[in-house]
file query35.cif (mmCIF, C-alpha atoms and all ligand atoms)
data_model
loop_
_atom_site.label_atom_id
_atom_site.label_comp_id
_atom_site.auth_asym_id
_atom_site.auth_seq_id
_atom_site.Cartn_x
_atom_site.Cartn_y
_atom_site.Cartn_z
CA MET A 1 -15.59 23.09 -27.11
CA THR A 2 -18.69 23.14 -24.92
CA VAL A 3 -21.27 20.74 -23.60
CA VAL A 4 -23.66 20.07 -26.43
CA THR A 5 -26.83 19.51 -24.44
CA THR A 6 -28.27 20.00 -21.02
CA LEU A 7 -29.01 16.48 -19.97
CA ARG A 8 -32.12 15.18 -18.23
CA THR A 9 -32.11 14.70 -14.51
CA ASP A 10 -34.28 11.56 -14.41
CA GLU A 11 -33.16 7.93 -14.63
CA LEU A 12 -31.02 8.84 -17.62
CA ARG A 13 -28.63 10.92 -15.56
CA PRO A 14 -25.25 10.57 -17.25
CA VAL A 15 -21.94 9.15 -16.27
CA LEU A 16 -19.14 11.75 -16.29
CA VAL A 17 -15.94 10.32 -17.77
CA THR A 18 -12.84 12.42 -17.12
CA GLY A 19 -9.85 11.84 -19.42
CA GLY A 20 -12.27 10.27 -21.89
CA ALA A 21 -10.40 11.49 -24.97
CA GLY A 22 -7.25 9.53 -24.03
CA PHE A 23 -6.45 5.91 -24.81
CA ILE A 24 -8.41 3.91 -22.22
CA GLY A 25 -11.00 6.62 -21.60
CA ALA A 26 -11.93 6.83 -25.29
CA ASN A 27 -12.21 3.05 -25.57
CA PHE A 28 -14.41 3.11 -22.46
CA VAL A 29 -16.70 5.83 -23.84
CA LEU A 30 -16.98 4.15 -27.27
CA ASP A 31 -17.76 0.74 -25.73
CA TRP A 32 -20.23 2.28 -23.28
CA CYS A 33 -22.16 4.15 -25.95
CA ALA A 34 -22.27 1.03 -28.15
CA GLY A 35 -23.73 -1.05 -25.34
CA GLN A 36 -26.29 0.99 -23.41
CA ASP A 37 -28.59 3.99 -23.23
CA VAL A 38 -27.16 5.77 -20.18
CA PRO A 39 -25.65 9.01 -21.54
CA VAL A 40 -22.00 9.93 -21.14
CA VAL A 41 -20.39 13.32 -20.74
CA THR A 42 -16.69 13.28 -21.56
CA LEU A 43 -14.52 15.87 -19.83
CA ASP A 44 -10.95 16.17 -21.08
CA LYS A 45 -8.25 18.81 -21.03
CA LEU A 46 -6.96 17.59 -24.42
CA THR A 47 -3.29 17.45 -23.49
CA TYR A 48 -0.90 15.97 -26.04
CA ALA A 49 -2.40 12.56 -25.08
CA GLY A 50 -6.05 13.52 -25.57
CA ASN A 51 -7.47 13.49 -29.05
CA LEU A 52 -11.00 14.24 -30.23
CA HIS A 53 -10.43 12.00 -33.26
CA ASN A 54 -10.64 9.11 -30.78
CA LEU A 55 -14.31 9.95 -30.24
CA ALA A 56 -15.13 10.73 -33.87
CA GLY A 57 -17.32 7.62 -34.03
CA LEU A 58 -19.74 9.35 -31.64
CA HIS A 59 -20.30 12.40 -33.81
CA GLY A 60 -24.04 13.10 -33.85
CA ASN A 61 -24.75 10.65 -31.02
CA GLU A 62 -27.25 12.43 -28.76
CA ARG A 63 -26.24 10.34 -25.76
CA HIS A 64 -22.69 11.68 -25.80
CA SER A 65 -21.43 15.17 -25.04
CA PHE A 66 -17.89 16.47 -24.89
CA VAL A 67 -16.57 19.31 -22.82
CA ARG A 68 -13.01 20.55 -22.70
CA GLY A 69 -11.70 21.33 -19.23
CA ASP A 70 -9.32 20.51 -16.41
CA ILE A 71 -10.26 18.25 -13.47
CA GLY A 72 -8.34 20.72 -11.28
CA ASP A 73 -10.52 23.69 -12.31
CA VAL A 74 -12.93 23.73 -9.37
CA ASP A 75 -15.34 26.41 -10.63
CA PHE A 76 -15.59 24.78 -14.01
CA VAL A 77 -16.19 21.27 -12.64
CA ARG A 78 -18.65 22.57 -10.02
CA THR A 79 -20.74 24.25 -12.73
CA LEU A 80 -20.58 21.16 -14.90
CA LEU A 81 -21.70 18.83 -12.11
CA SER A 82 -24.63 21.01 -11.15
CA ARG A 83 -25.68 21.21 -14.78
CA ILE A 84 -25.43 17.57 -15.86
CA LYS A 85 -26.10 15.91 -12.46
CA PRO A 86 -24.08 12.73 -13.05
CA ARG A 87 -24.88 9.41 -11.41
CA ALA A 88 -21.16 8.57 -11.34
CA ILE A 89 -17.73 9.95 -12.14
CA VAL A 90 -15.16 7.67 -13.74
CA ASN A 91 -11.77 9.33 -13.43
CA PHE A 92 -9.27 8.38 -16.13
CA ALA A 93 -7.71 11.86 -16.33
CA ALA A 94 -4.00 11.69 -15.61
CA GLU A 95 -0.51 12.15 -16.93
CA SER A 96 0.23 8.51 -17.73
CA HIS A 97 3.69 8.01 -19.25
CA VAL A 98 6.53 6.89 -16.95
CA ASP A 99 9.33 8.23 -19.18
CA ARG A 100 7.73 11.68 -19.29
CA SER A 101 7.43 11.62 -15.49
CA ILE A 102 11.17 10.98 -15.26
CA LEU A 103 12.07 13.89 -17.54
CA GLY A 104 9.44 16.28 -16.14
CA PRO A 105 7.54 15.25 -13.00
CA GLU A 106 5.68 18.49 -12.28
CA ASP A 107 2.68 17.91 -14.54
CA PHE A 108 2.22 14.55 -12.79
CA ILE A 109 2.02 16.22 -9.40
CA THR A 110 -0.34 18.88 -10.74
CA THR A 111 -2.85 16.61 -12.45
CA ASN A 112 -2.52 13.25 -10.71
CA ILE A 113 -2.31 14.58 -7.15
CA VAL A 114 -3.65 18.14 -7.01
CA GLY A 115 -6.12 17.54 -9.83
CA THR A 116 -7.50 14.39 -8.19
CA PHE A 117 -7.74 16.19 -4.85
CA ARG A 118 -9.72 19.03 -6.39
CA LEU A 119 -11.96 16.65 -8.31
CA LEU A 120 -12.65 14.73 -5.10
CA GLU A 121 -13.53 17.90 -3.24
CA THR A 122 -15.83 19.13 -5.99
CA ALA A 123 -17.44 15.70 -6.25
CA ARG A 124 -17.93 15.61 -2.48
CA GLU A 125 -19.66 18.98 -2.49
CA TYR A 126 -21.97 17.81 -5.30
CA TRP A 127 -22.62 14.43 -3.65
CA THR A 128 -23.39 16.04 -0.28
CA GLY A 129 -26.24 18.00 -1.88
CA LEU A 130 -27.88 15.01 -3.58
CA PRO A 131 -31.19 13.55 -2.37
CA GLN A 132 -30.66 10.43 -0.22
CA ARG A 133 -31.44 7.83 -2.90
CA GLU A 134 -29.14 9.41 -5.45
CA LYS A 135 -26.50 9.87 -2.79
CA GLU A 136 -26.52 6.14 -2.08
CA SER A 137 -26.22 5.11 -5.71
CA PHE A 138 -23.55 7.70 -6.65
CA ARG A 139 -20.06 6.35 -7.39
CA PHE A 140 -16.63 7.96 -7.78
CA LEU A 141 -14.55 5.38 -9.64
CA HIS A 142 -10.83 6.14 -9.72
CA VAL A 143 -8.86 4.33 -12.42
CA SER A 144 -5.39 3.49 -11.18
CA THR A 145 -2.46 1.26 -11.92
CA ASP A 146 -0.57 -1.80 -10.70
CA GLU A 147 2.60 0.35 -10.68
CA VAL A 148 1.66 1.71 -7.24
CA TYR A 149 2.79 -1.63 -5.78
CA GLY A 150 6.37 -1.31 -7.05
CA SER A 151 8.39 -4.10 -8.60
CA LEU A 152 8.16 -7.91 -8.19
CA THR A 153 11.03 -10.37 -8.05
CA PRO A 154 10.78 -13.26 -10.56
CA GLU A 155 9.53 -15.72 -7.95
CA ALA A 156 7.16 -13.38 -6.04
CA ASP A 157 3.38 -13.86 -6.08
CA PRO A 158 1.46 -11.37 -8.25
CA PHE A 159 0.13 -8.14 -6.74
CA HIS A 160 -3.35 -8.20 -5.21
CA GLU A 161 -5.62 -5.72 -3.42
CA ALA A 162 -3.74 -6.02 -0.10
CA SER A 163 -0.22 -5.67 -1.54
CA PRO A 164 1.72 -2.84 0.12
CA TYR A 165 2.19 0.37 -1.83
CA SER A 166 5.79 0.87 -2.95
CA PRO A 167 5.85 3.18 -5.98
CA ASN A 168 9.19 3.77 -7.69
CA SER A 169 8.72 6.39 -10.43
CA PRO A 170 7.36 9.93 -10.25
CA TYR A 171 4.35 8.64 -12.23
CA SER A 172 3.60 5.72 -9.90
CA ALA A 173 4.24 7.86 -6.82
CA SER A 174 1.72 10.42 -8.07
CA LYS A 175 -0.85 7.70 -8.80
CA ALA A 176 -0.23 6.15 -5.36
CA ALA A 177 -0.81 9.55 -3.76
CA SER A 178 -4.06 9.92 -5.68
CA ASP A 179 -5.20 6.46 -4.55
CA HIS A 180 -4.53 7.41 -0.93
CA LEU A 181 -6.56 10.60 -1.31
CA VAL A 182 -9.47 8.72 -2.88
CA ARG A 183 -9.40 6.12 -0.10
CA ALA A 184 -9.31 8.83 2.58
CA TRP A 185 -12.29 10.66 1.06
CA HIS A 186 -14.29 7.47 1.59
CA HIS A 187 -13.01 6.78 5.09
CA THR A 188 -13.37 10.36 6.34
CA TYR A 189 -16.32 11.76 4.39
CA GLY A 190 -18.15 8.63 3.26
CA LEU A 191 -17.83 9.50 -0.45
CA PRO A 192 -18.75 6.24 -2.26
CA VAL A 193 -15.44 5.67 -4.04
CA ILE A 194 -14.02 2.60 -5.75
CA ILE A 195 -10.42 2.22 -6.94
CA THR A 196 -9.26 -0.08 -9.72
CA ASN A 197 -5.58 -1.00 -10.11
CA CYS A 198 -4.93 -2.39 -13.57
CA SER A 199 -1.93 -3.81 -15.38
CA ASN A 200 -0.56 -2.68 -18.78
CA ASN A 201 -3.21 -2.04 -21.40
CA TYR A 202 -2.82 -2.16 -25.17
CA GLY A 203 -5.17 -1.78 -28.14
CA PRO A 204 -6.64 0.85 -30.49
CA TYR A 205 -6.02 4.58 -29.93
CA GLN A 206 -2.96 4.13 -27.67
CA PHE A 207 -0.60 7.06 -28.12
CA PRO A 208 2.61 5.88 -29.84
CA GLU A 209 4.84 6.83 -26.92
CA LYS A 210 3.96 3.54 -25.16
CA LEU A 211 5.78 0.30 -25.95
CA ILE A 212 3.39 -1.52 -28.29
CA PRO A 213 2.20 1.33 -30.57
CA LEU A 214 5.70 2.87 -30.60
CA MET A 215 7.19 -0.39 -31.84
CA ILE A 216 4.50 -0.81 -34.53
CA HIS A 217 4.94 2.79 -35.68
CA HIS A 218 8.75 2.61 -35.76
CA ALA A 219 8.85 -0.80 -37.46
CA LEU A 220 6.58 0.39 -40.28
CA ALA A 221 8.83 3.44 -40.72
CA GLY A 222 11.98 1.27 -40.77
CA LYS A 223 13.28 3.00 -37.64
CA PRO A 224 15.15 1.42 -34.68
CA LEU A 225 12.97 -0.42 -32.15
CA PRO A 226 14.45 0.84 -28.85
CA VAL A 227 14.35 -1.92 -26.21
CA TYR A 228 15.41 -0.60 -22.79
CA GLY A 229 18.19 -2.44 -20.94
CA ASP A 230 18.20 -6.22 -21.44
CA GLY A 231 14.52 -6.34 -22.48
CA GLN A 232 13.78 -8.92 -19.76
CA GLN A 233 11.40 -6.68 -17.77
CA ILE A 234 7.99 -8.26 -17.44
CA ARG A 235 4.55 -6.69 -17.79
CA ASP A 236 1.08 -8.29 -17.45
CA TRP A 237 -0.77 -7.29 -20.62
CA LEU A 238 -4.53 -6.71 -20.87
CA TYR A 239 -6.46 -5.81 -24.01
CA VAL A 240 -8.12 -2.45 -23.47
CA SER A 241 -11.73 -3.53 -24.08
CA ASP A 242 -11.30 -6.16 -21.33
CA HIS A 243 -10.22 -3.39 -18.95
CA CYS A 244 -13.26 -1.34 -19.99
CA ALA A 245 -15.56 -4.32 -19.31
CA ALA A 246 -13.98 -4.70 -15.88
CA ILE A 247 -14.63 -1.03 -15.08
CA ARG A 248 -18.26 -1.37 -16.16
CA ALA A 249 -18.63 -4.41 -13.88
CA VAL A 250 -17.09 -2.51 -10.97
CA LEU A 251 -19.35 0.47 -11.59
CA ARG A 252 -22.39 -1.81 -11.68
CA GLU A 253 -21.65 -4.13 -8.79
CA GLY A 254 -18.47 -3.05 -7.00
CA GLN A 255 -18.58 -2.18 -3.31
CA PRO A 256 -17.90 1.43 -2.23
CA GLY A 257 -14.63 1.63 -0.32
CA HIS A 258 -13.21 -1.41 -2.12
CA THR A 259 -10.34 -1.72 -4.55
CA TYR A 260 -10.24 -4.18 -7.45
CA ALA A 261 -7.02 -5.44 -9.01
CA ILE A 262 -7.40 -6.05 -12.76
CA GLY A 263 -4.96 -7.91 -14.99
CA GLY A 264 -4.65 -10.11 -18.03
CA ASP A 265 -2.89 -13.09 -16.41
CA SER A 266 -0.53 -12.63 -19.32
CA GLU A 267 3.05 -11.95 -18.25
CA LYS A 268 5.49 -11.29 -21.09
CA SER A 269 9.02 -9.94 -21.25
CA ASN A 270 9.44 -6.78 -23.28
CA ILE A 271 11.73 -8.44 -25.81
CA ASP A 272 9.15 -11.19 -26.36
CA VAL A 273 6.46 -8.56 -26.90
CA VAL A 274 8.61 -6.74 -29.47
CA ARG A 275 9.47 -9.99 -31.28
CA THR A 276 5.76 -10.95 -31.36
CA ILE A 277 4.93 -7.55 -32.87
CA CYS A 278 7.62 -8.03 -35.52
CA ASP A 279 6.32 -11.53 -36.36
CA ALA A 280 2.75 -10.21 -36.68
CA LEU A 281 3.90 -7.38 -38.96
CA ASP A 282 5.97 -9.81 -41.04
CA GLN A 283 2.75 -11.74 -41.69
CA GLU A 284 0.31 -8.84 -42.03
CA ARG A 285 2.54 -6.35 -43.91
CA PRO A 286 5.65 -8.16 -45.24
CA SER A 287 8.47 -5.77 -46.14
CA ALA A 288 10.71 -6.16 -49.20
CA LYS A 289 13.57 -5.09 -46.93
CA GLY A 290 13.25 -8.25 -44.76
CA SER A 291 11.94 -9.03 -41.28
CA TYR A 292 11.03 -6.14 -38.99
CA GLY A 293 13.04 -7.89 -36.29
CA GLN A 294 16.21 -6.48 -37.89
CA TYR A 295 15.33 -3.07 -36.38
CA ILE A 296 15.44 -4.26 -32.74
CA THR A 297 18.05 -2.15 -30.90
CA PHE A 298 18.99 -2.43 -27.23
CA VAL A 299 19.37 1.04 -25.68
CA PRO A 300 20.32 2.28 -22.18
CA ASP A 301 17.74 1.44 -19.55
CA ARG A 302 14.97 3.61 -18.07
CA PRO A 303 16.19 5.02 -14.70
CA GLY A 304 14.64 3.12 -11.78
CA HIS A 305 13.04 0.67 -14.21
CA ASP A 306 10.61 -1.72 -12.45
CA ARG A 307 11.56 -5.30 -13.28
CA ARG A 308 8.24 -7.10 -13.12
CA TYR A 309 4.53 -6.40 -12.67
CA ALA A 310 1.82 -9.05 -12.42
CA ILE A 311 -1.74 -9.03 -11.07
CA ASN A 312 -3.80 -11.61 -9.26
CA ALA A 313 -7.31 -10.70 -10.45
CA GLY A 314 -9.01 -13.32 -8.26
CA LYS A 315 -11.24 -10.84 -6.42
CA ILE A 316 -12.91 -9.29 -9.47
CA ARG A 317 -13.23 -12.73 -11.07
CA GLN A 318 -14.89 -14.25 -8.05
CA MET A 319 -16.95 -11.31 -6.80
CA LEU A 320 -18.05 -9.81 -10.11
CA GLY A 321 -17.61 -12.66 -12.59
CA TRP A 322 -15.28 -10.64 -14.83
CA ARG A 323 -12.59 -12.29 -16.92
CA PRO A 324 -10.63 -11.19 -19.98
CA ARG A 325 -11.98 -12.26 -23.35
CA GLU A 326 -8.80 -11.72 -25.36
CA SER A 327 -5.59 -13.69 -25.06
CA PHE A 328 -2.39 -11.72 -25.60
CA GLU A 329 -2.00 -13.34 -29.03
CA SER A 330 -5.54 -12.48 -30.23
CA GLY A 331 -5.44 -8.98 -28.71
CA LEU A 332 -2.05 -8.18 -30.17
CA ARG A 333 -3.09 -9.35 -33.63
CA LYS A 334 -6.20 -7.13 -33.44
CA THR A 335 -4.03 -4.23 -32.31
CA VAL A 336 -1.49 -4.63 -35.11
CA ARG A 337 -4.32 -4.78 -37.65
CA TRP A 338 -5.95 -1.69 -36.16
CA TYR A 339 -2.73 0.33 -36.51
CA LEU A 340 -2.26 -0.94 -40.07
CA ASP A 341 -5.84 0.06 -40.95
CA ASN A 342 -5.65 3.42 -39.18
CA ALA A 343 -2.40 4.92 -40.39
CA ALA A 344 -4.18 8.29 -40.73
CA TRP A 345 -4.90 8.28 -36.99
CA THR A 346 -1.24 7.70 -36.18
CA ASP A 347 -0.19 10.38 -38.67
CA SER A 348 -2.56 12.85 -37.00
CA VAL A 349 -1.16 12.30 -33.49
CA VAL A 350 2.55 12.22 -34.31
CA ALA A 351 2.73 15.91 -35.11
CA GLY A 352 5.50 18.32 -34.02
CA SER A 353 5.39 17.82 -30.26
CA TYR A 354 5.65 14.04 -30.68
CA ARG A 355 8.88 14.43 -32.63
CA ASP A 356 10.18 16.70 -29.88
CA TRP A 357 9.38 13.96 -27.36
CA LEU A 358 11.26 11.30 -29.35
CA GLY A 359 14.26 13.62 -29.41
CA ARG A 360 14.12 14.26 -25.67
CA ASN A 361 13.65 10.64 -24.64
CA TYR A 362 15.71 8.69 -27.15
CA SER A 363 18.50 10.84 -28.61
CA ALA A 364 20.62 10.66 -25.43
CA ARG A 365 20.18 6.88 -25.17
P1 LIG B 401 -3.65 8.74 -21.65
O1 LIG B 401 -2.43 9.52 -21.34
O2 LIG B 401 -3.79 8.09 -22.98
O3 LIG B 401 -4.96 9.66 -21.46
C1 LIG B 401 -5.09 10.56 -20.38
C2 LIG B 401 -6.19 11.54 -20.75
O4 LIG B 401 -6.37 12.43 -19.64
C3 LIG B 401 -5.89 12.40 -21.97
O5 LIG B 401 -7.01 12.45 -22.82
C4 LIG B 401 -5.59 13.77 -21.39
O6 LIG B 401 -5.92 14.83 -22.27
C5 LIG B 401 -6.47 13.76 -20.16
N1 LIG B 401 -6.02 14.68 -19.10
C6 LIG B 401 -4.75 14.84 -18.64
N2 LIG B 401 -4.72 15.78 -17.68
C7 LIG B 401 -6.01 16.21 -17.51
C8 LIG B 401 -6.62 17.15 -16.65
N3 LIG B 401 -5.90 17.86 -15.78
N4 LIG B 401 -7.95 17.34 -16.74
C9 LIG B 401 -8.68 16.64 -17.66
N5 LIG B 401 -8.14 15.73 -18.50
C10 LIG B 401 -6.83 15.52 -18.43
O7 LIG B 401 -3.78 7.67 -20.48
P2 LIG B 401 -4.38 6.20 -20.50
O8 LIG B 401 -3.33 5.24 -20.86
O9 LIG B 401 -5.66 6.22 -21.26
O10 LIG B 401 -4.67 6.01 -18.94
C11 LIG B 401 -5.90 6.45 -18.37
C12 LIG B 401 -5.88 6.19 -16.89
O11 LIG B 401 -5.68 4.81 -16.64
C13 LIG B 401 -4.74 6.91 -16.16
O12 LIG B 401 -5.22 7.36 -14.92
C14 LIG B 401 -3.68 5.84 -15.96
O13 LIG B 401 -2.93 6.09 -14.80
C15 LIG B 401 -4.55 4.60 -15.80
N6 LIG B 401 -3.93 3.33 -16.23
C16 LIG B 401 -3.34 3.21 -17.45
C17 LIG B 401 -2.84 1.98 -17.85
C18 LIG B 401 -2.18 1.80 -19.20
O14 LIG B 401 -1.60 0.74 -19.46
N7 LIG B 401 -2.26 2.75 -20.12
C19 LIG B 401 -2.92 0.88 -17.01
C20 LIG B 401 -3.53 1.04 -15.75
C21 LIG B 401 -4.05 2.27 -15.39
O1 LIG B 402 1.36 -1.13 -15.47
C1 LIG B 402 0.41 -0.16 -15.84
C2 LIG B 402 1.12 1.00 -16.47
O2 LIG B 402 1.54 0.56 -17.76
C3 LIG B 402 0.27 2.25 -16.59
O3 LIG B 402 -0.03 2.70 -15.30
C4 LIG B 402 1.01 3.35 -17.36
O4 LIG B 402 0.16 4.46 -17.54
C5 LIG B 402 1.41 2.79 -18.71
O5 LIG B 402 2.16 3.75 -19.41
C6 LIG B 402 2.22 1.52 -18.54
O6 LIG B 402 3.51 1.81 -17.93
P1 LIG B 402 4.85 1.11 -18.46
O7 LIG B 402 6.00 1.93 -18.12
O8 LIG B 402 4.87 -0.34 -18.12
O9 LIG B 402 4.53 1.18 -20.06
P2 LIG B 402 5.44 1.56 -21.32
O10 LIG B 402 4.63 1.25 -22.54
O11 LIG B 402 6.04 2.91 -21.23
O12 LIG B 402 6.61 0.50 -21.22
C7 LIG B 402 6.35 -0.89 -21.17
C8 LIG B 402 7.69 -1.58 -20.98
O13 LIG B 402 8.47 -1.41 -22.17
C9 LIG B 402 8.52 -0.99 -19.85
O14 LIG B 402 9.22 -2.04 -19.20
C10 LIG B 402 9.51 -0.06 -20.56
C11 LIG B 402 9.71 -0.74 -21.91
N1 LIG B 402 9.98 0.17 -23.03
C12 LIG B 402 9.13 1.22 -23.23
C13 LIG B 402 9.35 2.10 -24.26
C14 LIG B 402 8.42 3.27 -24.49
C15 LIG B 402 11.05 -0.06 -23.88
O15 LIG B 402 11.80 -1.04 -23.70
N2 LIG B 402 11.27 0.81 -24.90
C16 LIG B 402 10.46 1.89 -25.13
O16 LIG B 402 10.74 2.67 -26.08
#
call {"tool": "encode", "arguments": {"input": "query35.cif", "output": "structure tokens"}}
result
Amino acid sequence: MTVVTTLRTDELRPVLVTGGAGFIGANFVLDWCAGQDVPVVTLDKLTYAGNLHNLAGLHGNERHSFVRGDIGDVDFVRTLLSRIKPRAIVNFAAESHVDRSILGPEDFITTNIVGTFRLLETAREYWTGLPQREKESFRFLHVSTDEVYGSLTPEADPFHEASPYSPNSPYSASKAASDHLVRAWHHTYGLPVIITNCSNNYGPYQFPEKLIPLMIHHALAGKPLPVYGDGQQIRDWLYVSDHCAAIRAVLREGQPGHTYAIGGDSEKSNIDVVRTICDALDQERPSAKGSYGQYITFVPDRPGHDRRYAINAGKIRQMLGWRPRESFESGLRKTVRWYLDNAAWTDSVVAGSYRDWLGRNYSAR
């Protein structure tokens, strides 16, 4: 797969989106291309989590190009940057699944830490050579997670931009390390970076290893719905298009050197999420075998499982006027309908290696 076009170097300089064939990245690219003329170049390694089907809606769109590659491949990224001359880089590329980081942390170190470091260095070299005006308007936006802050007690205030870092899993530790690198590249070299730390996303195109799509997929197949531990862990859920809108706002108006905490103000326990999914499926796709809730199964907990995440999104609300459009109820209903209407997408991504993953993660539980 190669870049389709050599893009113009005038006011239509593109945005480079790394990891844009994954869940949030693909939603970001699709929403971006639907809403504006600025071109996008998607760079993605196409790991198990990246899927070109996610971008099929852009086939033939002259404002979008795709290139397959690794953010850690310095020569490749250097050549790409000098060819497309992006106005900004939005970095979604990462290994993103906590359970995979527990069973095999090395890829997380390689991509999330070393890969981000190399991307920063290549971006810095490119940015240093830009004319002054373009240098000032350039942005390196690093998409990160609320998990870098660790775990909250039930009575604690939600995380915010000044919360101390306290990551607990190999995944969150690798994302925390990447955040520190990004911050340092601003402080030391002046690279105009912005970091966003977002809570749990859900919506179309999410790989069915994550809680919500896994439960939908298993329920429809009549398979056990594996709830870790007591199911009372809490996450703050945000519909993916609301996250994408927040990133666009930050790219437009965010301050270099700042971080923005993004969340849905929608704390739910895992067992409540799974029951809500079952209720939605009971209404949207009733089964002759009875309620989908019958498949809920409590299984041994995730090692080091964080108990609660929650975000205070006051800064981005006040400074940039962003707020989520979807409630958890409306977003979840949309999501369930999307998976019901797009069974072929799920079938295409749950090929051999997905079955291997289910065996590795769940058979010993
Ligand atoms: P995902 O796993 O669905 O997608 C990651 C994408 O990155 C895939 O397309 C993959 O092929 C690509 N990729 C992986 N390694 C790469 C490399 N070395 N070079 C180029 N591309 C590579 O992840 P997601 O859920 O879409 O998350 C995207 C980003 O948002 C991640 O950085 C994640 O930490 C962050 N985030 C996710 C959530 C969430 O709830 N999913 C919440 C907050 C932040
Ligand atoms: O908080 C943001 C983070 O949210 C992102 O940075 C991560 O990339 C993203 O994967 C997500 O991490 P979580 O670990 O919270 O998401 P996951 O969907 O894996 O799990 C959500 C909760 O559900 C968590 O408490 C574990 C639980 N769970 C998960 C799975 C896959 C289960 O009970 N059973 C399961 O089978």
call {"tool": "residues_near_ligand", "arguments": {"input": "query35.cif", "ligand": "ligand LIG 402 (chain B)", "cutoff": "8 Å", "atoms": "only C-alpha atoms and all ligand atoms", "output": "number ranges by chain"}}
result
A: 95-99, 144-147, 171-172, 198-201, 209-212, 214-215, 225-229, 231, 233-236, 270-271, 301-302, 305-309, 362
call {"tool": "write_last_selection", "arguments": {"input": "query35.cif", "atoms": "C-alpha atoms", "output": "PDB file, in the frame of the given file"}}
result
ATOM      1  CA  GLU A  95      -0.510  12.150 -16.930  1.00  0.00           C
ATOM      2  CA  SER A  96       0.230   8.510 -17.730  1.00  0.00           C
ATOM      3  CA  HIS A  97       3.690   8.010 -19.250  1.00  0.00           C
ATOM      4  CA  VAL A  98       6.530   6.890 -16.950  1.00  0.00           C
ATOM      5  CA  ASP A  99       9.330   8.230 -19.180  1.00  0.00           C
ATOM      6  CA  SER A 144      -5.390   3.490 -11.180  1.00  0.00           C
ATOM      7  CA  THR A 145      -2.460   1.260 -11.920  1.00  0.00           C
ATOM      8  CA  ASP A 146      -0.570  -1.800 -10.700  1.00  0.00           C
ATOM      9  CA  GLU A 147       2.600   0.350 -10.680  1.00  0.00           C
ATOM     10  CA  TYR A 171       4.350   8.640 -12.230  1.00  0.00           C
ATOM     11  CA  SER A 172       3.600   5.720  -9.900  1.00  0.00           C
ATOM     12  CA  CYS A 198      -4.930  -2.390 -13.570  1.00  0.00           C
ATOM     13  CA  SER A 199      -1.930  -3.810 -15.380  1.00  0.00           C
ATOM     14  CA  ASN A 200      -0.560  -2.680 -18.780  1.00  0.00           C
ATOM     15  CA  ASN A 201      -3.210  -2.040 -21.400  1.00  0.00           C
ATOM     16  CA  GLU A 209       4.840   6.830 -26.920  1.00  0.00           C
ATOM     17  CA  LYS A 210       3.960   3.540 -25.160  1.00  0.00           C
ATOM     18  CA  LEU A 211       5.780   0.300 -25.950  1.00  0.00           C
ATOM     19  CA  ILE A 212       3.390  -1.520 -28.290  1.00  0.00           C
ATOM     20  CA  LEU A 214       5.700   2.870 -30.600  1.00  0.00           C
ATOM     21  CA  MET A 215       7.190  -0.390 -31.840  1.00  0.00           C
ATOM     22  CA  LEU A 225      12.970  -0.420 -32.150  1.00  0.00           C
ATOM     23  CA  PRO A 226      14.450   0.840 -28.850  1.00  0.00           C
ATOM     24  CA  VAL A 227      14.350  -1.920 -26.210  1.00  0.00           C
ATOM     25  CA  TYR A 228      15.410  -0.600 -22.790  1.00  0.00           C
ATOM     26  CA  GLY A 229      18.190  -2.440 -20.940  1.00  0.00           C
ATOM     27  CA  GLY A 231      14.520  -6.340 -22.480  1.00  0.00           C
ATOM     28  CA  GLN A 233      11.400  -6.680 -17.770  1.00  0.00           C
ATOM     29  CA  ILE A 234       7.990  -8.260 -17.440  1.00  0.00           C
ATOM     30  CA  ARG A 235       4.550  -6.690 -17.790  1.00  0.00           C
ATOM     31  CA  ASP A 236       1.080  -8.290 -17.450  1.00  0.00           C
ATOM     32  CA  ASN A 270       9.440  -6.780 -23.280  1.00  0.00           C
ATOM     33  CA  ILE A 271      11.730  -8.440 -25.810  1.00  0.00           C
ATOM     34  CA  ASP A 301      17.740   1.440 -19.550  1.00  0.00           C
ATOM     35  CA  ARG A 302      14.970   3.610 -18.070  1.00  0.00           C
ATOM     36  CA  HIS A 305      13.040   0.670 -14.210  1.00  0.00           C
ATOM     37  CA  ASP A 306      10.610  -1.720 -12.450  1.00  0.00           C
ATOM     38  CA  ARG A 307      11.560  -5.300 -13.280  1.00  0.00           C
ATOM     39  CA  ARG A 308       8.240  -7.100 -13.120  1.00  0.00           C
ATOM     40  CA  TYR A 309       4.530  -6.400 -12.670  1.00  0.00           C
ATOM     41  CA  TYR A 362      15.710   8.690 -27.150  1.00  0.00           C
TER      42      TYR A 362
END
call {"tool": "residues_near_ligand", "arguments": {"input": "query35.cif", "ligand": "ligand LIG 401 (chain B)", "cutoff": "6 Å", "atoms": "all atoms listed in the file", "output": "number ranges by chain"}}
result
A: 18-25, 44-47, 49-50, 69-72, 92-96, 111, 115, 143-145, 198-201
call {"tool": "closest_residue", "arguments": {"input": "query35.cif", "among": "A:Arg118, A:Arg323, A:Arg317, A:Arg275", "to": "A:Gly254", "atoms": "only C-alpha atoms"}}
result
A:Arg317
call {"tool": "axis_aligned_box", "arguments": {"input": "query35.cif", "around": "stretch 138-146 of chain A", "padding_each_side": "8 Å", "output": "JSON"}}
result
{"center_x": -12.1, "center_y": 3.1, "center_z": -9.5, "size_x": 39.0, "size_y": 25.8, "size_z": 21.8}
call {"tool": "closest_residue", "arguments": {"input": "query35.cif", "among": "A:Asp73, A:Asp242, A:Asp179, A:Asp356", "to": "A:Phe140", "atoms": "all atoms listed in the file"}}
result
A:Asp179
